[in-house]
>>> print(open('my_file_3.cif').read())   # mmCIF, C-alpha atoms
data_model
#
loop_
_atom_site.label_atom_id
_atom_site.label_comp_id
_atom_site.auth_asym_id
_atom_site.auth_seq_id
_atom_site.Cartn_x
_atom_site.Cartn_y
_atom_site.Cartn_z
CA MET G 1 3.93 56.27 -60.57
CA ALA G 2 4.56 57.66 -57.08
CA GLU G 3 5.56 55.15 -54.43
CA THR G 4 2.98 54.57 -51.71
CA VAL G 5 4.37 54.73 -48.20
CA VAL G 6 2.31 53.86 -45.15
CA PRO G 7 3.37 55.74 -41.99
CA GLY G 8 5.52 53.53 -39.75
CA GLU G 9 6.01 50.83 -42.39
CA ASP G 10 9.27 49.22 -43.43
CA LEU G 11 10.52 51.14 -46.49
CA ASP G 12 12.07 47.98 -47.95
CA ILE G 13 8.65 46.31 -47.93
CA SER G 14 7.15 49.41 -49.58
CA ARG G 15 9.80 49.30 -52.30
CA ARG G 16 9.21 45.61 -53.05
CA ILE G 17 5.43 46.09 -53.10
CA GLU G 18 5.82 48.93 -55.59
CA GLU G 19 8.15 46.84 -57.78
CA THR G 20 5.61 44.01 -57.78
CA ALA G 21 2.77 46.36 -58.75
CA ARG G 22 4.79 47.82 -61.63
CA ARG G 23 5.86 44.39 -62.89
CA GLU G 24 2.25 43.16 -62.98
CA ASP G 25 0.94 46.50 -64.35
CA LEU G 26 -1.64 46.86 -61.58
CA GLY G 27 -2.11 50.62 -61.83
CA ALA G 28 -2.62 53.22 -59.12
CA VAL G 29 -3.46 52.48 -55.49
CA ARG G 30 -7.16 52.52 -54.58
CA SER G 31 -7.03 51.49 -50.92
CA VAL G 32 -4.52 50.12 -48.39
CA TYR G 33 -5.10 47.73 -45.47
CA PRO G 34 -2.21 47.13 -43.06
CA VAL G 35 -1.57 43.98 -41.09
CA GLY G 36 -3.41 43.89 -37.78
CA GLN G 37 -2.06 43.75 -34.27
CA ARG G 38 0.78 41.36 -33.56
CA PRO G 39 -0.27 38.15 -31.72
CA GLY G 40 0.72 37.82 -28.06
CA SER G 41 4.27 36.65 -27.41
CA GLY G 42 3.29 33.88 -25.00
CA VAL G 43 5.68 35.18 -22.31
CA TRP G 44 3.01 34.87 -19.64
CA ALA G 45 2.42 31.23 -20.60
CA TRP G 46 6.16 30.42 -20.49
CA VAL G 47 6.43 32.04 -17.05
CA THR G 48 3.44 30.01 -15.86
CA PHE G 49 4.94 26.85 -17.32
CA GLY G 50 8.26 27.46 -15.57
CA GLY G 51 6.58 28.21 -12.27
CA LEU G 52 4.50 25.05 -12.40
CA VAL G 53 7.54 22.91 -13.25
CA ILE G 54 9.46 24.37 -10.31
CA ALA G 55 6.46 23.82 -8.04
CA ALA G 56 6.16 20.21 -9.20
CA VAL G 57 9.89 19.57 -8.58
CA ILE G 58 9.78 21.12 -5.11
CA SER G 59 6.63 19.21 -4.26
CA GLY G 60 8.16 15.94 -5.47
CA VAL G 61 11.41 16.44 -3.53
CA THR G 62 9.72 17.40 -0.27
CA GLY G 63 7.26 14.55 -0.67
CA ALA G 64 10.07 12.05 -1.17
CA HIS G 65 11.76 13.17 2.06
CA SER G 66 8.63 13.34 4.20
CA GLY G 67 6.78 10.32 2.80
CA THR G 68 3.63 12.40 2.34
CA ARG G 69 1.63 12.94 -0.81
CA HIS G 70 2.15 16.29 -2.45
CA TRP G 71 0.81 18.15 -5.51
CA ASP G 72 3.61 17.37 -7.94
CA GLY G 73 1.29 15.47 -10.32
CA PHE G 74 -1.24 18.30 -10.25
CA PHE G 75 1.40 20.93 -11.00
CA GLY G 76 2.93 18.73 -13.69
CA MET G 77 -0.40 18.29 -15.48
CA PHE G 78 -1.03 22.02 -15.65
CA ALA G 79 2.56 22.62 -16.66
CA VAL G 80 1.92 20.48 -19.75
CA PHE G 81 -1.14 22.61 -20.63
CA ALA G 82 0.86 25.82 -20.12
CA PHE G 83 3.64 24.44 -22.35
CA ILE G 84 1.19 23.66 -25.17
CA ILE G 85 -0.37 27.13 -24.96
CA ALA G 86 3.01 28.86 -24.82
CA THR G 87 4.32 26.88 -27.80
CA GLY G 88 1.25 27.65 -29.91
CA THR G 89 1.30 31.35 -29.06
CA SER G 90 5.02 31.66 -29.69
CA THR G 91 4.66 29.87 -33.04
CA ARG G 92 1.97 32.34 -34.13
CA GLY G 93 4.22 35.19 -33.07
CA TRP G 94 7.16 33.73 -35.04
CA GLN G 95 5.01 33.27 -38.15
CA TYR G 96 3.77 36.85 -37.81
CA ASN G 97 7.32 38.23 -37.59
CA ARG G 98 8.53 36.11 -40.52
CA LYS G 99 5.66 36.69 -42.93
CA LEU G 100 3.34 39.50 -41.87
CA ALA G 101 5.07 42.10 -39.69
CA GLY G 102 5.07 45.47 -41.46
CA GLY G 103 3.11 44.17 -44.45
CA ARG G 104 -0.05 45.45 -46.07
CA LEU G 105 -2.71 44.65 -48.62
CA GLU G 106 -2.97 47.11 -51.50
CA LEU G 107 -5.98 47.21 -53.81
CA ARG G 108 -5.11 48.83 -57.13
CA GLU G 109 -6.79 49.66 -60.43
CA ARG G 110 -6.22 46.33 -62.17
CA GLY G 111 -5.28 44.03 -59.31
CA LEU G 112 -3.89 43.82 -55.82
CA VAL G 113 -0.62 43.28 -54.01
CA ILE G 114 -0.47 41.06 -50.96
CA GLY G 115 2.44 42.66 -49.16
CA PHE G 116 3.92 39.76 -47.22
CA ARG G 117 7.16 40.66 -45.45
CA ASP G 118 9.19 37.96 -47.16
CA ARG G 119 7.70 38.12 -50.64
CA PRO G 120 4.98 40.45 -51.99
CA VAL G 121 2.54 38.75 -54.37
CA GLY G 122 0.76 40.59 -57.17
CA LEU G 123 -2.35 39.36 -58.97
CA ARG G 124 -4.66 40.73 -61.63
CA TYR G 125 -8.42 40.90 -61.33
CA ASP G 126 -8.95 39.71 -64.90
CA THR G 127 -7.12 36.38 -64.50
CA VAL G 128 -7.20 35.35 -60.83
CA ARG G 129 -9.49 32.70 -59.37
CA VAL G 130 -10.52 33.03 -55.73
CA GLN G 131 -12.42 30.89 -53.26
CA GLN G 132 -13.94 32.44 -50.16
CA LYS G 133 -14.55 30.58 -46.91
CA LEU G 134 -16.60 32.06 -44.07
CA VAL G 135 -16.70 30.33 -40.70
CA ARG G 136 -19.04 31.62 -37.99
CA HIS G 137 -17.80 30.99 -34.45
CA LYS G 138 -20.14 30.40 -31.50
CA SER G 139 -19.67 30.12 -27.77
CA ASN G 140 -22.50 28.77 -25.64
CA GLY G 141 -24.89 29.27 -28.54
CA VAL G 142 -23.89 32.92 -29.04
CA GLU G 143 -22.15 34.00 -32.24
CA THR G 144 -18.78 35.51 -31.35
CA GLY G 145 -17.45 36.39 -34.80
CA THR G 146 -16.71 35.22 -38.32
CA SER G 147 -13.42 34.13 -39.87
CA HIS G 148 -12.83 35.17 -43.48
CA THR G 149 -10.35 33.25 -45.61
CA TYR G 150 -9.60 34.03 -49.27
CA THR G 151 -7.62 31.55 -51.37
CA PHE G 152 -6.20 32.94 -54.62
CA PHE G 153 -5.16 30.71 -57.53
CA LEU G 154 -2.79 32.45 -59.93
CA PRO G 155 -2.31 31.42 -63.57
CA GLY G 156 0.71 29.15 -63.96
CA LYS G 157 1.18 28.73 -60.20
CA ARG G 158 0.53 25.43 -58.44
CA ILE G 159 0.49 26.75 -54.88
CA PRO G 160 -2.35 29.16 -54.00
CA VAL G 161 -1.98 32.30 -51.89
CA VAL G 162 -4.13 32.52 -48.77
CA ILE G 163 -5.03 35.64 -46.80
CA ASP G 164 -7.45 36.26 -43.95
CA HIS G 165 -8.39 38.77 -41.26
CA SER G 166 -4.68 39.21 -40.46
CA PHE G 167 -5.10 42.24 -42.73
CA THR G 168 -7.36 44.82 -41.13
CA GLY G 169 -10.69 45.77 -42.72
CA VAL G 170 -11.65 42.36 -44.10
CA LEU G 171 -15.30 43.46 -44.26
CA GLN G 172 -14.19 46.25 -46.60
CA TRP G 173 -11.48 44.68 -48.73
CA GLY G 174 -13.28 41.35 -49.18
CA PRO G 175 -16.31 42.79 -51.02
CA GLN G 176 -14.10 45.28 -52.89
CA ILE G 177 -11.95 42.46 -54.28
CA GLN G 178 -15.04 40.45 -55.23
CA GLN G 179 -16.60 43.39 -57.09
CA ALA G 180 -13.34 44.23 -58.83
CA ILE G 181 -13.03 40.65 -60.09
CA VAL G 182 -16.65 40.70 -61.26
CA ASN G 183 -16.10 43.98 -63.12
CA ALA G 184 -12.96 42.64 -64.80
CA GLN G 185 -14.06 39.11 -65.66
CA VAL G 186 -17.78 39.25 -66.49
CA PRO G 187 -17.29 41.11 -69.83
CA ILE G 188 -14.54 38.63 -70.77
CA VAL G 189 -16.72 35.61 -69.99
CA ILE G 190 -19.68 37.07 -71.91
CA GLU G 191 -17.47 37.36 -75.01
CA ARG G 192 -16.36 33.75 -74.55
CA LEU G 193 -19.98 32.64 -74.31
CA ARG G 194 -20.87 34.54 -77.46
CA ALA G 195 -18.03 32.71 -79.18
CA GLY G 196 -19.68 29.40 -78.24
CA GLU G 197 -17.39 28.44 -75.35
CA LYS G 198 -18.29 26.48 -72.25
CA VAL G 199 -17.03 28.31 -69.15
CA GLU G 200 -16.39 26.30 -66.00
CA PHE G 201 -16.48 27.32 -62.34
CA GLY G 202 -15.23 24.19 -60.66
CA THR G 203 -18.03 21.63 -61.00
CA LEU G 204 -20.45 24.27 -62.34
CA TRP G 205 -20.49 25.42 -65.94
CA ILE G 206 -22.38 27.73 -68.24
CA THR G 207 -22.80 28.20 -71.97
CA ALA G 208 -24.86 30.70 -73.91
CA THR G 209 -27.75 28.22 -73.87
CA GLU G 210 -27.39 26.11 -70.69
CA VAL G 211 -26.22 25.95 -67.10
CA GLY G 212 -25.07 22.69 -65.58
CA THR G 213 -23.11 20.59 -63.13
CA LEU G 214 -21.13 17.37 -63.47
CA VAL G 215 -24.37 15.36 -63.46
CA ASP G 216 -27.20 17.65 -64.52
CA SER G 217 -28.07 20.66 -66.70
CA ALA G 218 -30.96 22.83 -67.87
CA PRO G 219 -31.55 25.31 -70.71
CA TRP G 220 -31.67 28.93 -69.57
CA GLY G 221 -35.33 29.17 -70.57
CA GLN G 222 -36.18 26.67 -67.83
CA VAL G 223 -33.94 28.11 -65.12
CA THR G 224 -35.80 29.95 -62.36
CA LYS G 225 -33.41 30.93 -59.57
CA LEU G 226 -30.27 30.36 -57.53
CA THR G 227 -30.47 29.90 -53.77
CA ILE G 228 -27.92 29.57 -50.99
CA SER G 229 -28.58 27.43 -47.92
CA ASP G 230 -26.13 26.42 -45.18
CA GLY G 231 -23.20 27.56 -47.30
CA ALA G 232 -24.22 25.49 -50.33
CA VAL G 233 -25.59 26.67 -53.67
CA LYS G 234 -28.69 25.28 -55.36
CA LEU G 235 -29.85 25.92 -58.92
CA HIS G 236 -33.56 25.65 -59.67
CA SER G 237 -35.44 25.03 -62.90
CA THR G 238 -39.07 24.56 -63.83
CA LYS G 239 -38.45 20.81 -63.42
CA GLY G 240 -37.01 21.18 -59.90
CA PRO G 241 -33.52 21.69 -58.41
CA LEU G 242 -30.53 20.65 -60.50
CA ASN G 243 -28.46 17.90 -58.98
CA LEU G 244 -25.44 19.61 -57.43
CA ARG G 245 -24.73 17.06 -54.73
CA ALA G 246 -24.71 19.87 -52.14
CA LYS G 247 -21.81 21.85 -53.60
CA PRO G 248 -20.39 24.26 -50.97
CA ILE G 249 -19.78 27.82 -52.12
CA LYS G 250 -16.30 27.75 -50.58
CA ASP G 251 -15.28 25.15 -53.20
CA ILE G 252 -16.53 27.14 -56.20
CA PRO G 253 -13.85 29.40 -57.74
CA ASN G 254 -15.06 32.93 -58.50
CA PHE G 255 -18.55 32.09 -57.30
CA PHE G 256 -19.54 35.77 -57.34
CA VAL G 257 -18.66 35.91 -61.06
CA PHE G 258 -20.78 32.81 -61.67
CA GLN G 259 -23.64 34.32 -59.66
CA THR G 260 -23.56 37.58 -61.65
CA LEU G 261 -23.55 35.72 -64.98
CA PHE G 262 -26.28 33.37 -63.77
CA GLU G 263 -28.63 36.27 -63.02
CA HIS G 264 -27.75 38.04 -66.26
CA LEU G 265 -28.45 34.99 -68.44
CA ARG G 266 -31.50 33.86 -66.46
CA GLN G 267 -33.15 37.24 -66.84
CA ALA G 268 -32.21 37.43 -70.53
CA HIS G 269 -33.88 34.07 -71.28
CA ASN G 270 -36.61 33.95 -68.64
CA PRO G 271 -37.35 37.47 -67.35
CA THR G 272 -40.60 36.46 -65.61
CA ALA G 273 -38.95 33.79 -63.41
CA ALA G 274 -38.53 34.45 -59.69
CA GLY G 275 -35.17 35.99 -58.78
#
>>> encode(input="my_file_3.cif", output="structure tokens")
Amino acid sequence: MAETVVPGEDLDISRRIEETARREDLGAVRSVYPVGQRPGSGVWAWVTFGGLVIAAVISGVTGAHSGTRHWDGFFGMFAVFAFIIATGTSTRGWQYNRKLAGGRLELRERGLVIGFRDRPVGLRYDTVRVQQKLVRHKSNGVETGTSHTYTFFLPGKRIPVVIDHSFTGVLQWGPQIQQAIVNAQVPIVIERLRAGEKVEFGTLWITATEVGTLVDSAPWGQVTKLTISDGAVKLHSTKGPLNLRAKPIKDIPNFFVFQTLFEHLRQAHNPTAAG
């Protein structure tokens, strides 16, 4: 398998990404998404902070000699704000350099490699569980953008792996990962259902004959549709909505796999129901 090298990328990172892909048997590269632009260094904020501190000191000294009131308190207050901003920006820059700088996200035939600088992580589409969280940001009532966060739970690992829009092209790689997981896992789950198993997706579950939650269930013949409202999923039957206690999609592992199976089984048992 030929090693994939992204122009301008650290060759040591490329080597470790390739080793991870081979170890996990992830196959050939399908697409690559590098880390985005480095966060600001915060230099401007540190300069502002220093200038305000100096101004506050000068103001305080001259005020003490003249007996007049000066702006030392005003400068000091804004110096505190500048310090907080500078610290936060510098921390983000340090985290970027330590974990992300020079990294990339590689989507491959049978899985993906999250190419962190310190430690690449490989995962397979047929075994991973992922939760997706979308947060829409608004300013003065106007939507300014959406944050995308994907949390991956690997078999045998207690600590999940989290990635977000730090990797460029989230609107491309997000749906590609979802579809790849669906393609890999749906046939496996269908075989488990045929064998009589109950397959769980967090607090949701399905069998070959029913769909249910922790507190409610319905046979597939009575199930009519699945709806999403305000980030929460609702399951409907001929007797009304199943009791989900407003389960957010972001808390349902592999929701897109559940959704695909839900539609497949609903249509198989109740083809005339509304989709």
>>> atom_distance(input="my_file_3.cif", atom1="CA of Ile17 (chain G)", atom2="CA of Ile114 (chain G)")
8.0 Å
>>> closest_residue(input="my_file_3.cif", among="G:Thr20, G:Thr203, G:Thr272, G:Thr149", to="Val170 (chain G)", atoms="all atoms listed in the file")
G:Thr149
>>> closest_atom_pairs(input="my_file_3.cif", of="region 236-261 of chain G", to="region 204-210 of chain G", cutoff="10 Å", atoms="all atoms listed in the file", output="tab-separated table")
residue	atom	partner	partner_atom	distance
G:Leu244	CA	G:Leu204	CA	8.4
G:Lys247	CA	G:Leu204	CA	9.2
G:Ile252	CA	G:Leu204	CA	7.8
G:Pro253	CA	G:Leu204	CA	9.5
G:Phe255	CA	G:Leu204	CA	9.5
G:Phe258	CA	G:Ile206	CA	8.5
G:Leu261	CA	G:Ile206	CA	8.7
>>> resolve_selection(input="my_file_3.cif", expression="the PyMOL selection byres ((chain G and resi 233) around 10)", output="ChimeraX atom specification")
/G:226-232,234-235,244-250,252,255,259
>>> closest_residue(input="my_file_3.cif", among="G:Glu191, G:Glu263, G:Glu197, G:Asp25", to="Leu123 (chain G)", atoms="only C-alpha atoms")
G:Asp25
>>> atom_distance(input="my_file_3.cif", atom1="CA of Gly212 (chain G)", atom2="CA of Lys225 (chain G)")
13.2 Å
>>> closest_residue(input="my_file_3.cif", among="G:Ser237, G:Gln132, G:Asn243, G:Thr213", to="Val162 (chain G)", atoms="all atoms listed in the file")
G:Gln132
>>> closest_residue(input="my_file_3.cif", among="G:Leu265, G:Val189, G:Val121, G:Ile13", to="Gln222 (chain G)", atoms="only C-alpha atoms")
G:Leu265
>>> resolve_selection(input="my_file_3.cif", expression="the PyMOL selection byres ((chain G and resi 160) around 12)", output="list of chain:residue names")
G:Val121, G:Leu123, G:Val128, G:Arg129, G:Val130, G:Gln131, G:Tyr150, G:Thr151, G:Phe152, G:Phe153, G:Leu154, G:Pro155, G:Gly156, G:Lys157, G:Arg158, G:Ile159, G:Val161, G:Val162, G:Ile163
>>> residues_near_point(input="my_file_3.cif", point="(-13.9, 42.7, -43.8)", cutoff="12 Å", atoms="only C-alpha atoms", output="JSON, numbers by chain")
{"G": [33, 134, 145, 146, 147, 148, 149, 150, 163, 164, 165, 166, 167, 168, 169, 170, 171, 172, 173, 174, 175, 176, 177, 178]}
>>> resolve_selection(input="my_file_3.cif", expression="the PyMOL selection byres ((chain G and resi 19) around 12)", output="list in words")
Met1, Ala2, Glu3, Thr4, Asp12, Ile13, Ser14, Arg15, Arg16, Ile17, Glu18, Thr20, Ala21, Arg22, Arg23, Glu24, Asp25, Leu26, Gly27, Val113, Gly115, Arg119, Pro120, Val121 and Gly122 of chain G
>>> closest_residue(input="my_file_3.cif", among="G:Ile188, G:Val257, G:Ala218, G:Ile181", to="Leu242 (chain G)", atoms="all atoms listed in the file")
G:Ala218
>>> atom_distance(input="my_file_3.cif", atom1="CA of Val35 (chain G)", atom2="CA of Glu106 (chain G)")
11.0 Å
>>> residues_near_point(input="my_file_3.cif", point="(-6.5, 42.6, -62.3)", cutoff="8 Å", atoms="only C-alpha atoms", output="JSON, numbers by chain")
{"G": [26, 109, 110, 111, 112, 123, 124, 125, 126, 127, 128, 180, 181, 184]}
>>> decode(input="my_file_3.cif", residues="region 254-271 of chain G", atoms="N, CA and C atoms", output="PDB file, in the first residue's frame")
ATOM      1  N   ASN G 254     -24.924   6.054  16.920  1.00  0.00           N
ATOM      2  CA  ASN G 254     -25.230   5.563  15.573  1.00  0.00           C
ATOM      3  C   ASN G 254     -26.700   5.767  15.209  1.00  0.00           C
ATOM      4  N   PHE G 255     -27.179   6.978  15.476  1.00  0.00           N
ATOM      5  CA  PHE G 255     -28.585   7.265  15.193  1.00  0.00           C
ATOM      6  C   PHE G 255     -28.926   7.031  13.727  1.00  0.00           C
ATOM      7  N   PHE G 256     -28.005   7.360  12.823  1.00  0.00           N
ATOM      8  CA  PHE G 256     -28.279   7.216  11.397  1.00  0.00           C
ATOM      9  C   PHE G 256     -28.411   5.749  11.003  1.00  0.00           C
ATOM     10  N   VAL G 257     -27.751   4.841  11.757  1.00  0.00           N
ATOM     11  CA  VAL G 257     -27.942   3.407  11.532  1.00  0.00           C
ATOM     12  C   VAL G 257     -29.334   3.002  12.008  1.00  0.00           C
ATOM     13  N   PHE G 258     -29.703   3.483  13.203  1.00  0.00           N
ATOM     14  CA  PHE G 258     -31.045   3.210  13.725  1.00  0.00           C
ATOM     15  C   PHE G 258     -32.110   3.716  12.758  1.00  0.00           C
ATOM     16  N   GLN G 259     -31.931   4.935  12.250  1.00  0.00           N
ATOM     17  CA  GLN G 259     -32.916   5.536  11.356  1.00  0.00           C
ATOM     18  C   GLN G 259     -33.077   4.720  10.076  1.00  0.00           C
ATOM     19  N   THR G 260     -31.973   4.247   9.518  1.00  0.00           N
ATOM     20  CA  THR G 260     -32.029   3.425   8.301  1.00  0.00           C
ATOM     21  C   THR G 260     -32.758   2.117   8.558  1.00  0.00           C
ATOM     22  N   LEU G 261     -32.443   1.464   9.679  1.00  0.00           N
ATOM     23  CA  LEU G 261     -33.112   0.205  10.017  1.00  0.00           C
ATOM     24  C   LEU G 261     -34.583   0.428  10.328  1.00  0.00           C
ATOM     25  N   PHE G 262     -34.888   1.540  10.999  1.00  0.00           N
ATOM     26  CA  PHE G 262     -36.276   1.863  11.324  1.00  0.00           C
ATOM     27  C   PHE G 262     -37.108   1.928  10.048  1.00  0.00           C
ATOM     28  N   GLU G 263     -36.624   2.671   9.051  1.00  0.00           N
ATOM     29  CA  GLU G 263     -37.385   2.811   7.807  1.00  0.00           C
ATOM     30  C   GLU G 263     -37.493   1.479   7.068  1.00  0.00           C
ATOM     31  N   HIS G 264     -36.416   0.707   7.082  1.00  0.00           N
ATOM     32  CA  HIS G 264     -36.431  -0.588   6.409  1.00  0.00           C
ATOM     33  C   HIS G 264     -37.480  -1.515   7.024  1.00  0.00           C
ATOM     34  N   LEU G 265     -37.493  -1.617   8.358  1.00  0.00           N
ATOM     35  CA  LEU G 265     -38.414  -2.524   9.025  1.00  0.00           C
ATOM     36  C   LEU G 265     -39.846  -1.999   9.021  1.00  0.00           C
ATOM     37  N   ARG G 266     -40.006  -0.678   9.127  1.00  0.00           N
ATOM     38  CA  ARG G 266     -41.354  -0.104   9.071  1.00  0.00           C
ATOM     39  C   ARG G 266     -42.001  -0.400   7.727  1.00  0.00           C
ATOM     40  N   GLN G 267     -41.258  -0.178   6.659  1.00  0.00           N
ATOM     41  CA  GLN G 267     -41.807  -0.392   5.336  1.00  0.00           C
ATOM     42  C   GLN G 267     -42.072  -1.896   5.084  1.00  0.00           C
ATOM     43  N   ALA G 268     -41.216  -2.742   5.633  1.00  0.00           N
ATOM     44  CA  ALA G 268     -41.398  -4.177   5.436  1.00  0.00           C
ATOM     45  C   ALA G 268     -42.675  -4.682   6.122  1.00  0.00           C
ATOM     46  N   HIS G 269     -43.029  -4.097   7.275  1.00  0.00           N
ATOM     47  CA  HIS G 269     -44.188  -4.558   8.031  1.00  0.00           C
ATOM     48  C   HIS G 269     -45.435  -3.709   7.793  1.00  0.00           C
ATOM     49  N   ASN G 270     -45.247  -2.468   7.391  1.00  0.00           N
ATOM     50  CA  ASN G 270     -46.387  -1.565   7.246  1.00  0.00           C
ATOM     51  C   ASN G 270     -46.147  -0.614   6.080  1.00  0.00           C
ATOM     52  N   PRO G 271     -46.117  -1.135   4.858  1.00  0.00           N
ATOM     53  CA  PRO G 271     -45.716  -0.330   3.689  1.00  0.00           C
ATOM     54  C   PRO G 271     -46.656   0.836   3.376  1.00  0.00           C
TER      55      PRO G 271
END
